Every structure is written in C-alpha cells, then in structure tokens.
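One file, data.pdb, carrying PDB, C-alpha atoms:
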ATOM      1  CA  MET G   1     -42.446 -62.070-108.131
ATOM      2  CA  LYS G   2     -42.043 -64.801-110.724
ATOM      3  CA  ASP G   3     -38.241 -64.376-110.757
ATOM      4  CA  PHE G   4     -38.165 -64.565-106.973
ATOM      5  CA  ILE G   5     -40.246 -67.743-106.934
ATOM      6  CA  ASP G   6     -38.013 -69.210-109.654
ATOM      7  CA  TYR G   7     -34.982 -68.366-107.494
ATOM      8  CA  LEU G   8     -36.524 -70.156-104.497
ATOM      9  CA  THR G   9     -37.309 -73.168-106.681
ATOM     10  CA  ARG G  10     -33.720 -73.305-107.995
ATOM     11  CA  GLN G  11     -32.337 -73.125-104.460
ATOM     12  CA  TYR G  12     -34.749 -75.814-103.360
ATOM     13  CA  GLU G  13     -33.687 -78.109-106.205
ATOM     14  CA  ALA G  14     -29.994 -77.404-105.522
ATOM     15  CA  GLY G  15     -30.615 -78.194-101.853
ATOM     16  CA  ARG G  16     -32.115 -81.563-102.751
ATOM     17  CA  GLU G  17     -29.013 -82.373-104.766
ATOM     18  CA  ASP G  18     -26.829 -81.390-101.779
ATOM     19  CA  ILE G  19     -28.831 -83.696 -99.525
ATOM     20  CA  ALA G  20     -28.410 -86.636-101.909
ATOM     21  CA  LYS G  21     -24.671 -85.913-102.240
ATOM     22  CA  LEU G  22     -24.117 -85.683 -98.479
ATOM     23  CA  GLU G  23     -26.080 -88.878 -97.906
ATOM     24  CA  SER G  24     -24.059 -90.709-100.537
ATOM     25  CA  GLU G  25     -20.858 -89.480 -98.860
ATOM     26  CA  GLY G  26     -21.979 -90.885 -95.502
ATOM     27  CA  CYS G  27     -22.541 -87.483 -93.882
ATOM     28  CA  GLN G  28     -26.043 -88.200 -92.563
ATOM     29  CA  ASP G  29     -26.128 -85.483 -89.918
ATOM     30  CA  GLU G  30     -25.004 -82.836 -92.375
ATOM     31  CA  ALA G  31     -27.579 -84.159 -94.860
ATOM     32  CA  ASN G  32     -30.179 -83.528 -92.152
ATOM     33  CA  PHE G  33     -28.904 -79.966 -91.726
ATOM     34  CA  ALA G  34     -29.099 -79.529 -95.506
ATOM     35  CA  LYS G  35     -32.724 -80.706 -95.288
ATOM     36  CA  ALA G  36     -33.415 -77.948 -92.737
ATOM     37  CA  ARG G  37     -31.848 -75.415 -95.121
ATOM     38  CA  THR G  38     -33.726 -76.716 -98.171
ATOM     39  CA  ASN G  39     -37.022 -76.644 -96.297
ATOM     40  CA  ILE G  40     -36.629 -72.910 -95.759
ATOM     41  CA  TYR G  41     -36.692 -72.278 -99.518
ATOM     42  CA  ASP G  42     -39.780 -74.452 -99.771
ATOM     43  CA  ILE G  43     -41.510 -72.640 -96.875
ATOM     44  CA  CYS G  44     -40.674 -69.220 -98.333
ATOM     45  CA  ARG G  45     -41.927 -70.304-101.740
ATOM     46  CA  THR G  46     -45.221 -71.466-100.181
ATOM     47  CA  VAL G  47     -45.580 -68.188 -98.259
ATOM     48  CA  THR G  48     -44.850 -66.144-101.382
ATOM     49  CA  ASN G  49     -47.296 -68.116-103.504
ATOM     50  CA  ALA G  50     -49.970 -67.776-100.848
ATOM     51  CA  LEU G  51     -49.565 -64.074-100.088
ATOM     52  CA  ALA G  52     -48.121 -62.342-103.145
ATOM     53  CA  ASP G  53     -51.288 -62.244-105.224
ATOM     54  CA  ARG G  54     -53.800 -62.148-102.410
ATOM     55  CA  PRO G  55     -55.838 -58.932-102.390
ATOM     56  CA  GLY G  56     -54.806 -56.760 -99.477
ATOM     57  CA  ALA G  57     -51.599 -58.772 -98.930
ATOM     58  CA  GLY G  58     -49.004 -58.536-101.719
ATOM     59  CA  THR G  59     -45.228 -58.260-101.515
ATOM     60  CA  ALA G  60     -45.291 -56.224 -98.276
ATOM     61  CA  ALA G  61     -47.102 -59.086 -96.556
ATOM     62  CA  VAL G  62     -44.516 -61.573 -97.833
ATOM     63  CA  LYS G  63     -41.677 -59.408 -96.551
ATOM     64  CA  ALA G  64     -43.394 -58.986 -93.182
ATOM     65  CA  GLN G  65     -43.769 -62.755 -92.869
ATOM     66  CA  LEU G  66     -40.074 -63.263 -93.675
ATOM     67  CA  GLU G  67     -39.205 -60.759 -90.936
ATOM     68  CA  ARG G  68     -41.413 -62.677 -88.504
ATOM     69  CA  PHE G  69     -39.502 -65.863 -89.371
ATOM     70  CA  ARG G  70     -36.249 -64.020 -88.717
ATOM     71  CA  ALA G  71     -37.403 -62.928 -85.260
ATOM     72  CA  THR G  72     -38.764 -66.357 -84.279
ATOM     73  CA  TRP G  73     -35.761 -68.353 -85.499
ATOM     74  CA  GLY G  74     -33.343 -65.789 -84.076
ATOM     75  CA  ALA G  75     -34.952 -66.243 -80.658
ATOM     76  CA  ALA G  76     -34.795 -70.037 -81.055
ATOM     77  CA  LEU G  77     -31.075 -69.787 -81.873
ATOM     78  CA  GLU G  78     -30.400 -67.677 -78.784
ATOM     79  CA  LYS G  79     -32.289 -70.163 -76.649
ATOM     80  CA  ALA G  80     -30.349 -73.111 -78.090
ATOM     81  CA  ARG G  81     -27.030 -71.306 -77.492
ATOM     82  CA  GLU G  82     -28.033 -70.422 -73.957
ATOM     83  CA  HIS G  83     -28.715 -74.085 -73.193
ATOM     84  CA  GLY G  84     -25.691 -75.485 -75.039
ATOM     85  CA  ASP G  85     -27.972 -77.442 -77.383
ATOM     86  CA  ALA G  86     -25.394 -78.180 -80.115
ATOM     87  CA  ARG G  87     -27.826 -79.826 -82.532
ATOM     88  CA  ASN G  88     -30.403 -77.035 -82.444
ATOM     89  CA  VAL G  89     -27.694 -74.361 -82.656
ATOM     90  CA  VAL G  90     -26.643 -75.792 -86.030
ATOM     91  CA  ILE G  91     -30.237 -76.193 -87.215
ATOM     92  CA  GLU G  92     -31.286 -72.660 -86.254
ATOM     93  CA  GLU G  93     -28.100 -71.162 -87.714
ATOM     94  CA  THR G  94     -28.712 -73.069 -90.943
ATOM     95  CA  LYS G  95     -32.324 -71.874 -91.137
ATOM     96  CA  LEU G  96     -31.352 -68.263 -90.498
ATOM     97  CA  GLU G  97     -28.539 -68.411 -93.037
ATOM     98  CA  ALA G  98     -30.993 -69.626 -95.706
ATOM     99  CA  LEU G  99     -33.544 -67.004 -94.663
ATOM    100  CA  GLU G 100     -30.969 -64.212 -94.955
ATOM    101  CA  ASP G 101     -30.241 -65.435 -98.463
ATOM    102  CA  VAL G 102     -33.954 -65.361 -99.284
ATOM    103  CA  ILE G 103     -34.367 -61.843 -97.843
ATOM    104  CA  ALA G 104     -31.274 -60.630 -99.720
ATOM    105  CA  HIS G 105     -32.878 -61.735-102.997
ATOM    106  CA  PHE G 106     -36.295 -60.341-102.206
ATOM    107  CA  PRO G 107     -35.935 -56.636-103.085
ATOM    108  CA  GLU G 108     -34.063 -57.396-106.306
ATOM    109  CA  VAL G 109     -37.166 -58.898-107.852
ATOM    110  CA  GLU G 110     -39.760 -56.714-106.133
TER     111      GLU G 110
ATOM    112  CA  MET Z   1     -17.525-102.301 -72.283
ATOM    113  CA  THR Z   2     -21.231-102.993 -72.722
ATOM    114  CA  GLN Z   3     -23.038-103.615 -76.009
ATOM    115  CA  GLU Z   4     -24.756-100.224 -75.555
ATOM    116  CA  ASN Z   5     -21.368 -98.456 -75.356
ATOM    117  CA  ALA Z   6     -20.157-100.336 -78.428
ATOM    118  CA  LEU Z   7     -23.279 -99.305 -80.329
ATOM    119  CA  LYS Z   8     -22.683 -95.644 -79.432
ATOM    120  CA  ILE Z   9     -19.121 -95.897 -80.746
ATOM    121  CA  PHE Z  10     -20.158 -97.548 -84.025
ATOM    122  CA  LYS Z  11     -22.993 -95.039 -84.535
ATOM    123  CA  SER Z  12     -20.802 -92.037 -83.882
ATOM    124  CA  LEU Z  13     -18.135 -93.264 -86.274
ATOM    125  CA  SER Z  14     -20.573 -94.053 -89.085
ATOM    126  CA  ASP Z  15     -20.402 -90.462 -90.318
ATOM    127  CA  MET Z  16     -17.757 -89.198 -92.713
ATOM    128  CA  SER Z  17     -17.341 -85.818 -91.002
ATOM    129  CA  ARG Z  18     -16.775 -87.419 -87.627
ATOM    130  CA  LEU Z  19     -14.278 -89.862 -89.126
ATOM    131  CA  ARG Z  20     -12.432 -86.879 -90.612
ATOM    132  CA  ILE Z  21     -12.429 -85.191 -87.195
ATOM    133  CA  VAL Z  22     -11.008 -88.334 -85.554
ATOM    134  CA  ARG Z  23      -8.392 -88.533 -88.301
ATOM    135  CA  SER Z  24      -7.385 -84.901 -87.683
ATOM    136  CA  LEU Z  25      -7.120 -85.567 -83.967
ATOM    137  CA  THR Z  26      -4.687 -88.425 -84.586
ATOM    138  CA  GLN Z  27      -2.199 -85.634 -85.393
ATOM    139  CA  GLY Z  28      -2.663 -84.040 -81.976
ATOM    140  CA  GLU Z  29      -5.162 -82.129 -79.868
ATOM    141  CA  MET Z  30      -7.144 -79.357 -81.535
ATOM    142  CA  TYR Z  31      -9.758 -76.758 -80.739
ATOM    143  CA  THR Z  32     -13.127 -76.304 -82.468
ATOM    144  CA  GLU Z  33     -12.220 -73.342 -84.684
ATOM    145  CA  LEU Z  34      -9.078 -75.013 -85.983
ATOM    146  CA  LEU Z  35     -10.944 -78.204 -86.807
ATOM    147  CA  ALA Z  36     -13.656 -76.161 -88.532
ATOM    148  CA  GLU Z  37     -11.070 -74.429 -90.692
ATOM    149  CA  ARG Z  38      -9.259 -77.637 -91.574
ATOM    150  CA  LEU Z  39     -12.431 -79.555 -92.437
ATOM    151  CA  ASP Z  40     -14.341 -76.669 -94.035
ATOM    152  CA  LEU Z  41     -17.235 -76.935 -91.576
ATOM    153  CA  THR Z  42     -18.861 -74.256 -89.425
ATOM    154  CA  PRO Z  43     -17.670 -74.162 -85.777
ATOM    155  CA  SER Z  44     -21.169 -75.028 -84.574
ATOM    156  CA  THR Z  45     -21.262 -78.097 -86.844
ATOM    157  CA  VAL Z  46     -17.909 -79.192 -85.416
ATOM    158  CA  SER Z  47     -19.257 -78.651 -81.868
ATOM    159  CA  PHE Z  48     -22.246 -80.818 -82.719
ATOM    160  CA  HIS Z  49     -20.005 -83.635 -83.972
ATOM    161  CA  MET Z  50     -17.654 -83.282 -80.986
ATOM    162  CA  LYS Z  51     -20.571 -83.709 -78.629
ATOM    163  CA  LYS Z  52     -21.479 -87.013 -80.287
ATOM    164  CA  LEU Z  53     -17.871 -88.220 -80.208
ATOM    165  CA  GLU Z  54     -17.585 -87.198 -76.559
ATOM    166  CA  GLU Z  55     -20.806 -89.011 -75.644
ATOM    167  CA  ALA Z  56     -19.387 -92.159 -77.238
ATOM    168  CA  GLY Z  57     -16.218 -91.699 -75.172
ATOM    169  CA  LEU Z  58     -14.020 -91.370 -78.255
ATOM    170  CA  VAL Z  59     -12.739 -87.878 -77.438
ATOM    171  CA  VAL Z  60     -12.111 -85.918 -74.281
ATOM    172  CA  SER Z  61     -12.129 -82.162 -73.894
ATOM    173  CA  ARG Z  62     -10.630 -79.552 -71.614
ATOM    174  CA  LYS Z  63     -11.097 -75.810 -71.347
ATOM    175  CA  GLU Z  64      -8.159 -73.596 -72.158
ATOM    176  CA  GLN Z  65      -8.955 -69.885 -71.758
ATOM    177  CA  TYR Z  66     -11.638 -69.225 -74.398
ATOM    178  CA  TYR Z  67     -11.133 -72.492 -76.242
ATOM    179  CA  THR Z  68     -12.271 -76.052 -75.788
ATOM    180  CA  VAL Z  69      -9.405 -78.334 -76.714
ATOM    181  CA  TYR Z  70     -10.202 -81.857 -77.887
ATOM    182  CA  SER Z  71      -8.053 -84.956 -77.958
ATOM    183  CA  LEU Z  72      -8.607 -88.621 -78.703
ATOM    184  CA  ASN Z  73      -9.424 -91.006 -75.896
ATOM    185  CA  ARG Z  74      -6.914 -93.684 -76.807
ATOM    186  CA  ASP Z  75      -8.181 -96.081 -74.141
ATOM    187  CA  VAL Z  76     -11.362 -96.484 -76.144
ATOM    188  CA  LEU Z  77      -9.902 -96.161 -79.641
ATOM    189  CA  GLU Z  78      -7.272 -98.801 -79.078
ATOM    190  CA  ARG Z  79      -9.807-101.462 -78.173
ATOM    191  CA  SER Z  80     -10.197-104.133 -80.821
ATOM    192  CA  LEU Z  81     -13.236-104.526 -83.010
ATOM    193  CA  PHE Z  82     -13.415-108.092 -81.725
ATOM    194  CA  GLU Z  83     -13.685-106.869 -78.136
ATOM    195  CA  MET Z  84     -16.417-104.383 -79.032
ATOM    196  CA  ALA Z  85     -18.382-106.831 -81.179
ATOM    197  CA  SER Z  86     -18.323-109.450 -78.424
ATOM    198  CA  SER Z  87     -19.444-107.057 -75.658
ATOM    199  CA  GLU Z  88     -22.326-108.158 -73.458
ATOM    200  CA  PRO Z  89     -25.623-106.255 -73.225
ATOM    201  CA  GLU Z  90     -26.154-104.201 -70.091
ATOM    202  CA  GLN Z  91     -28.142-106.121 -67.490
ATOM    203  CA  ILE Z  92     -31.303-104.039 -67.238
ATOM    204  CA  ASP Z  93     -34.704-105.286 -66.328
ATOM    205  CA  GLU Z  94     -36.861-105.083 -69.509
ATOM    206  CA  GLN Z  95     -39.848-103.610 -67.703
ATOM    207  CA  GLN Z  96     -37.645-100.969 -66.057
ATOM    208  CA  LYS Z  97     -36.064-100.198 -69.439
ATOM    209  CA  ARG Z  98     -39.482 -99.661 -71.066
ATOM    210  CA  GLU Z  99     -40.543 -97.404 -68.203
ATOM    211  CA  GLU Z 100     -37.373 -95.353 -68.485
ATOM    212  CA  GLU Z 101     -37.875 -94.974 -72.239
ATOM    213  CA  TYR Z 102     -41.478 -93.883 -71.732
ATOM    214  CA  ARG Z 103     -40.424 -91.409 -69.041
ATOM    215  CA  LYS Z 104     -37.757 -89.941 -71.317
ATOM    216  CA  LYS Z 105     -40.266 -89.626 -74.172
ATOM    217  CA  VAL Z 106     -42.730 -87.769 -71.937
ATOM    218  CA  ILE Z 107     -40.037 -85.446 -70.583
ATOM    219  CA  ASP Z 108     -38.704 -84.714 -74.090
ATOM    220  CA  SER Z 109     -42.146 -83.832 -75.402
ATOM    221  CA  PHE Z 110     -43.370 -81.783 -72.451
ATOM    222  CA  PHE Z 111     -40.210 -79.945 -71.452
ATOM    223  CA  GLU Z 112     -38.108 -77.576 -73.483
ATOM    224  CA  TYR Z 113     -34.908 -76.330 -71.867
ATOM    225  CA  GLY Z 114     -36.345 -76.945 -68.402
ATOM    226  CA  LYS Z 115     -39.688 -75.214 -69.055
ATOM    227  CA  LEU Z 116     -42.952 -77.126 -69.073
ATOM    228  CA  ARG Z 117     -44.683 -76.528 -72.437
ATOM    229  CA  SER Z 118     -48.135 -77.478 -71.130
ATOM    230  CA  ILE Z 119     -49.600 -79.433 -68.241
ATOM    231  CA  PRO Z 120     -50.357 -82.948 -69.503
ATOM    232  CA  VAL Z 121     -53.958 -84.111 -69.375
ATOM    233  CA  GLN Z 122     -53.104 -87.779 -68.916
ATOM    234  CA  ARG Z 123     -52.424 -88.561 -65.267
ATOM    235  CA  LYS Z 124     -49.365 -90.762 -65.805
ATOM    236  CA  LYS Z 125     -47.686 -88.100 -67.943
ATOM    237  CA  LYS Z 126     -48.647 -85.394 -65.486
ATOM    238  CA  GLN Z 127     -47.099 -87.373 -62.650
ATOM    239  CA  ILE Z 128     -43.818 -87.757 -64.564
ATOM    240  CA  CYS Z 129     -43.702 -84.007 -65.267
ATOM    241  CA  TYR Z 130     -44.390 -83.193 -61.626
ATOM    242  CA  GLU Z 131     -41.637 -85.570 -60.525
ATOM    243  CA  VAL Z 132     -39.248 -83.625 -62.755
ATOM    244  CA  ILE Z 133     -40.397 -80.350 -61.178
ATOM    245  CA  ALA Z 134     -40.038 -81.922 -57.716
ATOM    246  CA  GLU Z 135     -36.315 -82.372 -58.412
ATOM    247  CA  HIS Z 136     -36.024 -78.611 -57.803
ATOM    248  CA  PHE Z 137     -36.987 -79.162 -54.159
ATOM    249  CA  VAL Z 138     -34.746 -80.636 -51.492
ATOM    250  CA  PRO Z 139     -36.524 -83.614 -49.871
ATOM    251  CA  GLY Z 140     -37.421 -82.889 -46.272
ATOM    252  CA  LYS Z 141     -36.719 -79.145 -46.540
ATOM    253  CA  VAL Z 142     -39.581 -76.872 -45.506
ATOM    254  CA  TYR Z 143     -40.662 -74.281 -48.103
ATOM    255  CA  SER Z 144     -43.053 -71.368 -47.701
ATOM    256  CA  GLU Z 145     -45.762 -70.982 -50.341
ATOM    257  CA  LYS Z 146     -43.917 -68.036 -51.867
ATOM    258  CA  GLU Z 147     -40.640 -69.956 -52.045
ATOM    259  CA  LEU Z 148     -42.469 -72.823 -53.695
ATOM    260  CA  ASP Z 149     -44.177 -70.553 -56.234
ATOM    261  CA  ASP Z 150     -40.899 -68.761 -56.996
ATOM    262  CA  ILE Z 151     -39.390 -72.096 -57.973
ATOM    263  CA  ILE Z 152     -42.362 -73.338 -60.022
ATOM    264  CA  ALA Z 153     -43.244 -70.056 -61.802
ATOM    265  CA  PRO Z 154     -40.181 -70.012 -64.128
ATOM    266  CA  ILE Z 155     -41.033 -73.595 -65.139
ATOM    267  CA  HIS Z 156     -44.718 -72.924 -65.936
ATOM    268  CA  GLU Z 157     -46.912 -69.880 -65.511
ATOM    269  CA  ASP Z 158     -49.778 -71.812 -63.890
ATOM    270  CA  TYR Z 159     -47.838 -72.452 -60.686
ATOM    271  CA  CYS Z 160     -51.001 -72.548 -58.531
ATOM    272  CA  THR Z 161     -52.429 -75.549 -60.403
ATOM    273  CA  ILE Z 162     -49.080 -77.318 -60.310
ATOM    274  CA  ARG Z 163     -48.668 -76.664 -56.586
ATOM    275  CA  ARG Z 164     -52.137 -78.034 -55.838
ATOM    276  CA  ASP Z 165     -51.675 -81.047 -58.147
ATOM    277  CA  MET Z 166     -48.332 -81.904 -56.578
ATOM    278  CA  ILE Z 167     -50.029 -82.096 -53.191
ATOM    279  CA  SER Z 168     -52.865 -84.285 -54.462
ATOM    280  CA  GLU Z 169     -50.345 -86.540 -56.248
ATOM    281  CA  GLY Z 170     -48.516 -87.027 -52.943
ATOM    282  CA  ILE Z 171     -45.323 -85.385 -54.162
ATOM    283  CA  LEU Z 172     -45.587 -82.458 -51.743
ATOM    284  CA  ARG Z 173     -47.129 -82.317 -48.295
ATOM    285  CA  ARG Z 174     -48.835 -79.159 -47.101
ATOM    286  CA  ASP Z 175     -48.841 -78.213 -43.459
ATOM    287  CA  GLY Z 176     -50.503 -74.816 -43.046
ATOM    288  CA  ASN Z 177     -48.423 -72.492 -45.184
ATOM    289  CA  GLU Z 178     -45.446 -74.822 -45.253
ATOM    290  CA  TYR Z 179     -44.627 -77.369 -47.922
ATOM    291  CA  VAL Z 180     -42.295 -80.356 -47.882
ATOM    292  CA  ARG Z 181     -41.266 -82.670 -50.715
ATOM    293  CA  ILE Z 182     -42.075 -86.212 -49.664
ATOM    294  CA  LYS Z 183     -41.399 -88.147 -52.910
TER     295      LYS Z 183
END
Output the structure of this file as structure tokens.
Amino acid sequence: MKDFIDYLTRQYEAGREDIAKLESEGCQDEANFAKARTNIYDICRTVTNALADRPGAGTAAVKAQLERFRATWGAALEKAREHGDARNVVIEETKLEALEDVIAHFPEVE
Amino acid sequence: MTQENALKIFKSLSDMSRLRIVRSLTQGEMYTELLAERLDLTPSTVSFHMKKLEEAGLVVSRKEQYYTVYSLNRDVLERSLFEMASSEPEQIDEQQKREEEYRKKVIDSFFEYGKLRSIPVQRKKKQICYEVIAEHFVPGKVYSEKELDDIIAPIHEDYCTIRRDMISEGILRRDGNEYVRIK
C-alpha cells in the first residue's frame, strides 16, 4: 500500500504544479478543472490511509470505496449531460478520468 | 450595450483558452471537435468555453446534422474598447436587483436540474421554491388533484406537503377536488 499512497501523493503534487502553471498562463477555468482532478488524488489518499490498515477493512474496503465513487460520479456525469450542464460535464469527466487512473494503479501495488 | 454586457465580454475574454478559440474562429466557422483537436482540449472543455463565449454574445452557433458549428459574432467583436468602456449601467432598481439575486441564490441552492433537493424551512425561501414549482401550472387552468400530484411528484417526493403548502401560501386555490393557480 505504501507504493500506492506514494503514487497518489506524486499525482497530487504534479496536479498542484499543473494548477499553478494554468493559472500563470491565464487559464483560470482549466486551473479549476485541474483542481477537481487533483482533489481526487487527495480524496483517494485519505480513503486509503483511513481504510487500508483498519482491522476488518483493508485493501478490499479501499477498492469497494473507489467503486462507489465511480458509480456516484458516473451518475452525476450522466445527469449533467442530460441537462446540458457544460461546466459539470467537464468536472465530472475530469473526476472520473482521475479515478480511472487511480483504479488502474491499485492492483499493481496490492 | 450596457455595462453588464461589457463586463460579460471582458470576463469571457480574460481566459487564454477562450482567446485561442476566438483566434481560431477568425479563420472561419468551426465545430467543437475540430476546435478541440486544434487546441488540444477535450470536446467537453471546448463546449464549456463556447457556452461562456455565446453567453457574452461573442460567438453564435447553428446545428448542422450532428455538429454544432460556431462562428464569431462580428457585430460585437468589432465594437471599440472605448465604446464598451463607456457603456452605461443597466437601469435596475437596487432593491429589485437585490431581491432577484436573493431569489437566484435560493433557487440555485434548493433546486438541482429542476428537482427540489429539500423543502426549505424558512418561509421566504419556501415561497420562492413554490413559485418556481407553480411555473409548471398554467394560470387559470383547472387541475384535478391527480394531475397536480403528477406534476409535483417528479420535482419532490413529498408532493402532498407541497400541494397543501401551495394552497396555504395562496399560490393555488382549492375548490373541492379542483385546483387553480392564482399567483
């Protein structure tokens, strides 16, 4: 789990650099989307830290929570698309994209 | 052009990606996917930016089969900075403006895509939410209780409470089993 948490931390740090870069380039809206993406790594890191070593929880509980995020944010994306909510479509897509990246790295370090 | 319109234009152009989109459109009309490819952005990000540019009146769009084609609104873009900077503020009564802002804030926090998240406790907020729901009813038209409930139920599950509250708030009038919007 340590490698996985390190990965999340690296992605989080890289995300913060992206945000600063986009802000300095005058792309404020995209910087906000990058914040949404970066937050996902932070949330997943918090979830992993909280559940991974808890008795009766462990890695299966972490994975289950990530799947719950996928279902919730997937539904939010569908809803945003259905209502033509351009801003939330980008935000939910960004969150899901980051989550897929997190899930793709999960088994490698399990 | 009012000062509010000018502000929308300045705000929408104070973003590098949107400036790049406008620059691309100076070469001719384009659709979302093409702009996304040219600017290395996702199509949904381009759609988001296009919406802001459209709201500011800087671009216009038209549907062409499966695509939305965008072009610059030259009438707005060819106005001088001097003209925009010297625009007058819209003549709105300050009290009315504050009330409209409050109303918008309440609607934004209690409604999500047309559904009521929860029934507000505060009377003023509740009244605003019920006025929004009342927009689903044609004033003067007579509705049966079932018709009324069928309209309210998709907005919030507790349609009975809402129906009763709307009567006590004077938004609906009940006459036996018939209901009429009076406000």
Can you tell me, as a list of chain:residue names, what residues are no more than 12 Å from Ala75 in chain G when counting only C-alpha atoms, ignoring any on the same chain fewer than 3 positions away?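 What passes the distance filter is G:Arg68, G:Phe69, G:Arg70, G:Ala71, G:Thr72, G:Glu78, G:Lys79, G:Ala80, G:Arg81, G:Glu82, G:Asn88, G:Val89, G:Glu92, G:Glu93, G:Leu96.
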Given the PyMOL selection byres ((chain Z and resi 132-147) around 10) and the file above, list the residues it selects as JSON, numbers by chain. {"Z": [107, 111, 114, 115, 116, 126, 127, 128, 129, 130, 131, 148, 149, 150, 151, 152, 155, 156, 160, 162, 163, 166, 171, 172, 173, 174, 175, 176, 177, 178, 179, 180, 181, 182, 183]}
Work out how far CA of Asp93 in chain Z is from CA of Gln122 in chain Z, in Å to one decimal.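 Going from CA of Gln122 in chain Z over to CA of Asp93 in chain Z covers 25.5 Å.
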Enter the distance from CA of Tyr41 in chain G to CA of Tyr12 in chain G, in Å, rounded to one decimal. 5.6 Å
One number please: CA of Thr2 in chain Z to CA of Thr32 in chain Z, in Å, one decimal.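 Separation between CA of Thr2 in chain Z and CA of Thr32 in chain Z: 29.5 Å.
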Residues matched by the PyMOL selection byres ((chain G and resi 31-34) around 10) as a PyMOL selection string: (chain G and resi 15-30+35-39+87-88+90-95) or (chain Z and resi 45)
Contacts between chain G and chain Z, please, where a residue of chain Z counts if it comes within 8 Å (with all atoms listed in the file); show its shortest atom pair and distance in Å to one decimal, rows by chain and ascending number, as a Markdown table.
| residue | atom | partner | partner_atom | distance |
| --- | --- | --- | --- | --- |
| Z:Ser14 | CA | G:Gly26 | CA | 7.3 |
| Z:Asp15 | CA | G:Cys27 | CA | 5.1 |
| Z:Met16 | CA | G:Cys27 | CA | 5.2 |
| Z:Ser17 | CA | G:Cys27 | CA | 6.2 |
| Z:Ser44 | CA | G:Val90 | CA | 5.7 |
| Z:Thr45 | CA | G:Val90 | CA | 5.9 |
| Z:Ser47 | CA | G:Ala86 | CA | 6.4 |
| Z:Phe48 | CA | G:Ala86 | CA | 4.9 |
| Z:Lys51 | CA | G:Ala86 | CA | 7.5 |
| Z:Tyr113 | CA | G:His83 | CA | 6.7 |
Can you pull out the residues contacting range 52-69 of chain Z? Cut-off 12 Å, using only C-alpha atoms, and skip same-chain residues under 4 positions away; I want them as a ChimeraX atom specification. /G:29,85-87 /Z:1-2,4-15,17-26,28-35,43,45-48,73-79
